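Input: a single structure, listed below in structure tokens.
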Amino acid sequence: MDWTIWAGLAAGLLISTVTAPVGVSGAVFLLPVQLSVLGVPSPAVTPTNLLFNVVAGPGALWRYRRDGALGGGLARRLVLWTLPGVIVGAAVRVFALPGPDVFRVLVAALLLPLGAWLCLRTLRPARRHPDAGPDAADPSAPVLAGLALTVGVVGGIYGIGGGSLLGPILAARGMPMARIAPATLAATFTTSVAGAAAYAVLALASPGAVAPDWWLGLACGLGGLIGGYLGARLQPHLPETALCLLLGALAAGLGALYAVQALR
């Protein structure tokens, strides 16, 4: 068996174990591995990443559902607005073909300061008003809709589920990780199913490497399925401060990585 299959399995397992507790599928971290190490061509790397999300997602979601953490309206609202965005993003990726440098600059500009702010906010939390309810940190419905739609488009273009972008933003507003992680993973899974299907249809009418690398995507996804379950099982046993710092560090680290790549 090709070494890339085993490497993809190991990468999916390791990344998902670390990222699932904070509501990130790990696709955004798998993307540079597929491009730089495993040699997946562009734009096929985008649907391959979406395939990873489709296969890996049920592991963490099943565990969160079993623990009763998947209920509530946040997941439904995120799915409702990210779903149309990812279909639009897939069409943009195939027909407009924006270069990877645009993505790197975008991710670096968003995640680097956001991750640093989240770490700082976690270490020095703001005073909470004594009369504030449990939903006080929730964005308004229009803001959440706009945010989810934008993240869906970006996810459809670049093959990331959106949890890596939604998670730090919602956490920086003060929402608890126990609410964020299941909701963002549910949105990631749903939009990845739609995005992978959209790319499969677009591949029929588009030249070039548009279809996913099926075997590699399945191998990465199998590793992510196991890692996601393990990460979701660990989440209730990790303190909120540690989870927020982990998410902030992942966001800032990824932003710094893409900033360096964009400057080369």
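Chain labels follow the order of the structure tokens: the first chain is A, the next B, and so on; residue numbering restarts at 1 in every chain, and ligands are counted from 1 in their shown order.
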
Residues near Gly152 of chain A, cut-off 9 Å, only C-alpha atoms, skip fewer than 6 positions along chain, as a compact mmCIF listing (two decimals) with all heavy atoms, in the first residue's frame:
# COMPACT_ATOMS: atom_id res chain seq x y z
N TRP A 81 -27.05 28.38 7.93
CA TRP A 81 -26.41 29.45 7.18
C TRP A 81 -25.09 29.05 6.53
O TRP A 81 -24.68 29.65 5.53
CB TRP A 81 -26.22 30.67 8.08
CG TRP A 81 -27.51 31.34 8.39
CD1 TRP A 81 -28.21 31.28 9.56
CD2 TRP A 81 -28.29 32.13 7.50
NE1 TRP A 81 -29.38 31.99 9.46
CE2 TRP A 81 -29.46 32.54 8.20
CE3 TRP A 81 -28.14 32.56 6.18
CZ2 TRP A 81 -30.44 33.33 7.64
CZ3 TRP A 81 -29.11 33.35 5.61
CH2 TRP A 81 -30.26 33.73 6.33
N THR A 82 -24.39 28.07 7.08
CA THR A 82 -23.14 27.65 6.43
C THR A 82 -23.42 26.79 5.20
O THR A 82 -22.62 26.76 4.26
CB THR A 82 -22.24 26.86 7.40
OG1 THR A 82 -22.99 25.79 7.99
CG2 THR A 82 -21.68 27.75 8.48
N LEU A 83 -24.55 26.09 5.18
CA LEU A 83 -24.85 25.17 4.09
C LEU A 83 -24.92 25.86 2.73
O LEU A 83 -24.25 25.42 1.78
CB LEU A 83 -26.15 24.43 4.39
CG LEU A 83 -26.44 23.16 3.60
CD1 LEU A 83 -25.27 22.19 3.70
CD2 LEU A 83 -27.72 22.50 4.09
N PRO A 84 -25.70 26.94 2.56
CA PRO A 84 -25.68 27.60 1.23
C PRO A 84 -24.33 28.22 0.91
O PRO A 84 -23.93 28.27 -0.27
CB PRO A 84 -26.78 28.67 1.36
CG PRO A 84 -26.95 28.90 2.82
CD PRO A 84 -26.66 27.59 3.47
N GLY A 85 -23.61 28.68 1.93
CA GLY A 85 -22.31 29.29 1.69
C GLY A 85 -21.31 28.32 1.09
O GLY A 85 -20.54 28.68 0.18
N VAL A 86 -21.30 27.06 1.56
CA VAL A 86 -20.30 26.11 1.08
C VAL A 86 -20.56 25.73 -0.38
O VAL A 86 -19.62 25.48 -1.15
CB VAL A 86 -20.26 24.86 1.98
CG1 VAL A 86 -21.45 23.94 1.71
CG2 VAL A 86 -18.96 24.08 1.80
N ILE A 87 -21.82 25.72 -0.80
CA ILE A 87 -22.14 25.41 -2.20
C ILE A 87 -21.66 26.55 -3.11
O ILE A 87 -21.08 26.32 -4.18
CB ILE A 87 -23.65 25.16 -2.36
CG1 ILE A 87 -24.06 23.93 -1.54
CG2 ILE A 87 -24.01 24.98 -3.83
CD1 ILE A 87 -25.55 23.69 -1.50
N VAL A 88 -21.88 27.79 -2.67
CA VAL A 88 -21.38 28.94 -3.43
C VAL A 88 -19.86 28.89 -3.49
O VAL A 88 -19.24 29.13 -4.55
CB VAL A 88 -21.85 30.25 -2.78
CG1 VAL A 88 -21.17 31.45 -3.44
CG2 VAL A 88 -23.37 30.38 -2.87
N GLY A 89 -19.22 28.58 -2.38
CA GLY A 89 -17.77 28.52 -2.34
C GLY A 89 -17.19 27.47 -3.27
O GLY A 89 -16.15 27.69 -3.90
N ILE A 160 -12.14 23.69 4.10
CA ILE A 160 -12.10 23.63 5.55
C ILE A 160 -13.53 23.67 6.06
O ILE A 160 -14.41 24.25 5.44
CB ILE A 160 -11.28 24.78 6.16
CG1 ILE A 160 -11.90 26.13 5.83
CG2 ILE A 160 -9.84 24.71 5.68
CD1 ILE A 160 -11.23 27.30 6.51
N GLY A 161 -13.77 23.01 7.18
CA GLY A 161 -15.13 22.90 7.67
C GLY A 161 -15.70 24.18 8.24
O GLY A 161 -16.89 24.38 8.27
N GLY A 162 -14.86 25.06 8.71
CA GLY A 162 -15.33 26.31 9.28
C GLY A 162 -15.19 26.38 10.78
O GLY A 162 -15.24 27.47 11.36
N THR A 188 -19.70 21.80 10.49
CA THR A 188 -18.61 21.34 9.63
C THR A 188 -19.00 20.07 8.89
O THR A 188 -18.78 19.94 7.68
CB THR A 188 -17.34 21.08 10.47
OG1 THR A 188 -16.85 22.32 10.98
CG2 THR A 188 -16.26 20.40 9.65
N THR A 191 -21.92 20.80 6.19
CA THR A 191 -21.45 21.56 5.04
C THR A 191 -20.43 20.77 4.22
O THR A 191 -20.35 20.94 3.00
CB THR A 191 -20.83 22.90 5.47
OG1 THR A 191 -19.81 22.66 6.45
CG2 THR A 191 -21.89 23.81 6.07

Counting only C-alpha atoms, which residues in segment 131-194 of chain A sit no more than 7 Å from segment 42-61 of chain A? For each one, give the nearest pair of atoms and the distance in Å, sorted by chain then residue number, as a Markdown table.
| residue | atom | partner | partner_atom | distance |
| --- | --- | --- | --- | --- |
| A:Tyr158 | CA | A:Thr46 | CA | 5.5 |
| A:Gly159 | CA | A:Thr46 | CA | 4.2 |
| A:Ile160 | CA | A:Leu50 | CA | 6.8 |
| A:Pro182 | CA | A:Leu61 | CA | 6.7 |
| A:Ala186 | CA | A:Leu61 | CA | 6.9 |
| A:Phe189 | CA | A:Gly57 | CA | 5.5 |
| A:Ser192 | CA | A:Leu50 | CA | 5.0 |
| A:Val193 | CA | A:Val54 | CA | 5.7 |

Only all heavy atoms, please: the residues just picked out, written as a tab-separated table (two decimals), in the first residue's frame.
chain	number	residue	atom	x	y	z
A	158	TYR	N	-11.96	26.57	0.12
A	158	TYR	CA	-10.66	26.03	0.52
A	158	TYR	C	-10.73	24.68	1.23
A	158	TYR	O	-9.70	24.18	1.68
A	158	TYR	CB	-9.94	27.05	1.40
A	158	TYR	CG	-9.63	28.32	0.65
A	158	TYR	CD1	-10.33	29.49	0.89
A	158	TYR	CD2	-8.66	28.33	-0.35
A	158	TYR	CE1	-10.06	30.65	0.18
A	158	TYR	CE2	-8.39	29.47	-1.07
A	158	TYR	CZ	-9.09	30.63	-0.80
A	158	TYR	OH	-8.83	31.75	-1.52
A	159	GLY	N	-11.92	24.10	1.35
A	159	GLY	CA	-12.01	22.74	1.87
A	159	GLY	C	-11.82	22.64	3.36
A	159	GLY	O	-11.37	21.60	3.86
A	160	ILE	N	-12.14	23.69	4.10
A	160	ILE	CA	-12.10	23.63	5.55
A	160	ILE	C	-13.53	23.67	6.06
A	160	ILE	O	-14.41	24.25	5.44
A	160	ILE	CB	-11.28	24.78	6.16
A	160	ILE	CG1	-11.90	26.13	5.83
A	160	ILE	CG2	-9.84	24.71	5.68
A	160	ILE	CD1	-11.23	27.30	6.51
A	182	PRO	N	-19.58	21.06	19.97
A	182	PRO	CA	-20.53	20.21	19.23
A	182	PRO	C	-21.20	20.96	18.08
A	182	PRO	O	-21.43	20.39	17.00
A	182	PRO	CB	-21.56	19.82	20.30
A	182	PRO	CG	-20.89	20.05	21.60
A	182	PRO	CD	-19.96	21.19	21.38
A	186	ALA	N	-20.90	20.01	14.13
A	186	ALA	CA	-22.11	19.64	13.38
A	186	ALA	C	-22.21	20.44	12.09
A	186	ALA	O	-22.55	19.90	11.02
A	186	ALA	CB	-23.35	19.87	14.25
A	189	PHE	N	-19.58	19.12	9.60
A	189	PHE	CA	-19.95	17.85	8.97
A	189	PHE	C	-21.01	18.05	7.89
A	189	PHE	O	-20.88	17.56	6.77
A	189	PHE	CB	-20.48	16.87	10.03
A	189	PHE	CG	-21.00	15.59	9.45
A	189	PHE	CD1	-20.15	14.65	8.90
A	189	PHE	CD2	-22.37	15.33	9.44
A	189	PHE	CE1	-20.64	13.46	8.35
A	189	PHE	CE2	-22.87	14.16	8.90
A	189	PHE	CZ	-22.00	13.23	8.35
A	192	SER	N	-19.66	19.91	4.87
A	192	SER	CA	-18.69	19.10	4.13
A	192	SER	C	-19.38	18.08	3.25
A	192	SER	O	-18.92	17.79	2.14
A	192	SER	CB	-17.74	18.41	5.11
A	192	SER	OG	-16.96	19.36	5.80
A	193	VAL	N	-20.49	17.50	3.73
A	193	VAL	CA	-21.27	16.58	2.90
A	193	VAL	C	-21.76	17.31	1.65
A	193	VAL	O	-21.63	16.82	0.52
A	193	VAL	CB	-22.45	15.99	3.69
A	193	VAL	CG1	-23.39	15.22	2.77
A	193	VAL	CG2	-21.95	15.09	4.81

Taking the backbone alone, and naming residues the way the document does, which bits of segment 32-208 of chain A are helix (DSSP H, G or I) by DSSP, as number ranges by chain? A: 32-36, 45-66, 73-95, 100-123, 141-158, 163-172, 177-203

Just want the 10 Å neighbourhood of segment 62-66 of chain A, counted on only C-alpha atoms, with same-chain residues fewer than 2 positions away dropped. Output as number ranges by chain. A: 21, 57-60, 68-71, 178, 181-183, 185-186, 228-233, 235-236

Residues at most 12 Å from Val37 of chain A, counting only C-alpha atoms, excluding those fewer than 6 positions away in the same chain, as an MDAnalysis selection string? chainID A and resid 3:5 7:8 11 30:31

Same residues, all heavy atoms, output as a JSON list (two decimals), in the first residue's frame:
[["chain", "number", "residue", "atom", "x", "y", "z"],
["A", 3, "TRP", "N", 2.63, 4.65, 0.74],
["A", 3, "TRP", "CA", 2.96, 5.23, 2.04],
["A", 3, "TRP", "C", 2.08, 6.42, 2.37],
["A", 3, "TRP", "O", 1.83, 6.71, 3.56],
["A", 3, "TRP", "CB", 4.43, 5.66, 2.08],
["A", 3, "TRP", "CG", 4.73, 6.86, 1.21],
["A", 3, "TRP", "CD1", 5.10, 6.87, -0.09],
["A", 3, "TRP", "CD2", 4.66, 8.24, 1.61],
["A", 3, "TRP", "NE1", 5.27, 8.15, -0.54],
["A", 3, "TRP", "CE2", 5.01, 9.01, 0.47],
["A", 3, "TRP", "CE3", 4.35, 8.89, 2.80],
["A", 3, "TRP", "CZ2", 5.05, 10.40, 0.50],
["A", 3, "TRP", "CZ3", 4.38, 10.28, 2.84],
["A", 3, "TRP", "CH2", 4.72, 11.02, 1.71],
["A", 4, "THR", "N", 1.58, 7.12, 1.33],
["A", 4, "THR", "CA", 0.75, 8.30, 1.60],
["A", 4, "THR", "C", -0.56, 7.92, 2.30],
["A", 4, "THR", "O", -1.11, 8.72, 3.06],
["A", 4, "THR", "CB", 0.43, 9.05, 0.29],
["A", 4, "THR", "OG1", -0.26, 8.18, -0.61],
["A", 4, "THR", "CG2", 1.69, 9.58, -0.36],
["A", 5, "ILE", "N", -1.06, 6.70, 2.06],
["A", 5, "ILE", "CA", -2.29, 6.26, 2.72],
["A", 5, "ILE", "C", -2.06, 6.14, 4.23],
["A", 5, "ILE", "O", -2.86, 6.61, 5.04],
["A", 5, "ILE", "CB", -2.77, 4.92, 2.13],
["A", 5, "ILE", "CG1", -3.02, 5.05, 0.63],
["A", 5, "ILE", "CG2", -4.02, 4.44, 2.86],
["A", 5, "ILE", "CD1", -4.07, 6.06, 0.26],
["A", 7, "ALA", "N", 0.38, 7.57, 5.91],
["A", 7, "ALA", "CA", 0.68, 8.90, 6.43],
["A", 7, "ALA", "C", -0.59, 9.71, 6.63],
["A", 7, "ALA", "O", -0.75, 10.43, 7.63],
["A", 7, "ALA", "CB", 1.63, 9.63, 5.48],
["A", 8, "GLY", "N", -1.53, 9.59, 5.69],
["A", 8, "GLY", "CA", -2.80, 10.28, 5.83],
["A", 8, "GLY", "C", -3.61, 9.78, 7.01],
["A", 8, "GLY", "O", -4.23, 10.57, 7.74],
["A", 11, "ALA", "N", -1.93, 11.19, 10.13],
["A", 11, "ALA", "CA", -2.15, 12.63, 10.25],
["A", 11, "ALA", "C", -3.57, 12.93, 10.70],
["A", 11, "ALA", "O", -3.81, 13.78, 11.57],
["A", 11, "ALA", "CB", -1.85, 13.32, 8.92],
["A", 30, "LEU", "N", -4.92, 19.88, 8.22],
["A", 30, "LEU", "CA", -4.58, 18.82, 7.28],
["A", 30, "LEU", "C", -4.26, 19.36, 5.89],
["A", 30, "LEU", "O", -3.50, 18.74, 5.14],
["A", 30, "LEU", "CB", -5.74, 17.82, 7.21],
["A", 30, "LEU", "CG", -5.51, 16.51, 6.46],
["A", 30, "LEU", "CD1", -4.41, 15.69, 7.13],
["A", 30, "LEU", "CD2", -6.80, 15.70, 6.40],
["A", 31, "LEU", "N", -4.82, 20.52, 5.56],
["A", 31, "LEU", "CA", -4.63, 21.10, 4.22],
["A", 31, "LEU", "C", -3.16, 21.27, 3.85],
["A", 31, "LEU", "O", -2.73, 20.81, 2.79],
["A", 31, "LEU", "CB", -5.39, 22.42, 4.13],
["A", 31, "LEU", "CG", -5.41, 23.10, 2.77],
["A", 31, "LEU", "CD1", -6.18, 22.25, 1.75],
["A", 31, "LEU", "CD2", -6.04, 24.49, 2.86]]

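When the distance limit is 10 Å and only C-alpha atoms are what count, the residues near Asp138 of chain A, minus those fewer than 3 positions from it on the same chain, are Leu74, Pro134, Asp135, Ala141, Val143, Leu144, Leu170, Ala171, Arg173, Gly174 and Met175 of chain A.
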
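Here atom CA of Arg264 of chain A stands at a distance of 29.3 Å from atom CA of Leu9 of chain A.
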
Smallest atom-to-atom distance to Gly163 of chain A: which of A:Leu14, A:Leu246, A:Ser25, A:Arg121, using only C-alpha atoms? A:Ser25

Just the residues within 6 Å of Ser16 of chain A, please, counting only C-alpha atoms, with nothing from its chain fewer than 6 positions along; format it as a ChimeraX atom specification. /A:26,224,227-228

Selected residues written out with all heavy atoms, as a PDB file, in the first residue's frame:
ATOM      1  N   GLY A  26     -10.141  19.724  12.092  1.00  0.00           N
ATOM      2  CA  GLY A  26      -8.728  19.499  11.794  1.00  0.00           C
ATOM      3  C   GLY A  26      -8.397  19.636  10.325  1.00  0.00           C
ATOM      4  O   GLY A  26      -7.232  19.572   9.939  1.00  0.00           O
ATOM      5  N   GLY A 224      -9.257  10.404  11.288  1.00  0.00           N
ATOM      6  CA  GLY A 224     -10.015  11.459  11.948  1.00  0.00           C
ATOM      7  C   GLY A 224     -11.228  10.939  12.685  1.00  0.00           C
ATOM      8  O   GLY A 224     -11.623  11.492  13.724  1.00  0.00           O
ATOM      9  N   GLY A 227      -9.755   9.601  15.901  1.00  0.00           N
ATOM     10  CA  GLY A 227      -9.236  10.716  16.687  1.00  0.00           C
ATOM     11  C   GLY A 227     -10.331  11.643  17.183  1.00  0.00           C
ATOM     12  O   GLY A 227     -10.270  12.157  18.299  1.00  0.00           O
ATOM     13  N   GLY A 228     -11.355  11.881  16.354  1.00  0.00           N
ATOM     14  CA  GLY A 228     -12.450  12.741  16.765  1.00  0.00           C
ATOM     15  C   GLY A 228     -13.218  12.172  17.945  1.00  0.00           C
ATOM     16  O   GLY A 228     -13.605  12.899  18.867  1.00  0.00           O
TER      17      GLY A 228
END

With distances taken over only C-alpha atoms, which of A:Ala203, A:Met177, A:Ile169, A:Ile15 is nearest to Pro239 of chain A? A:Met177
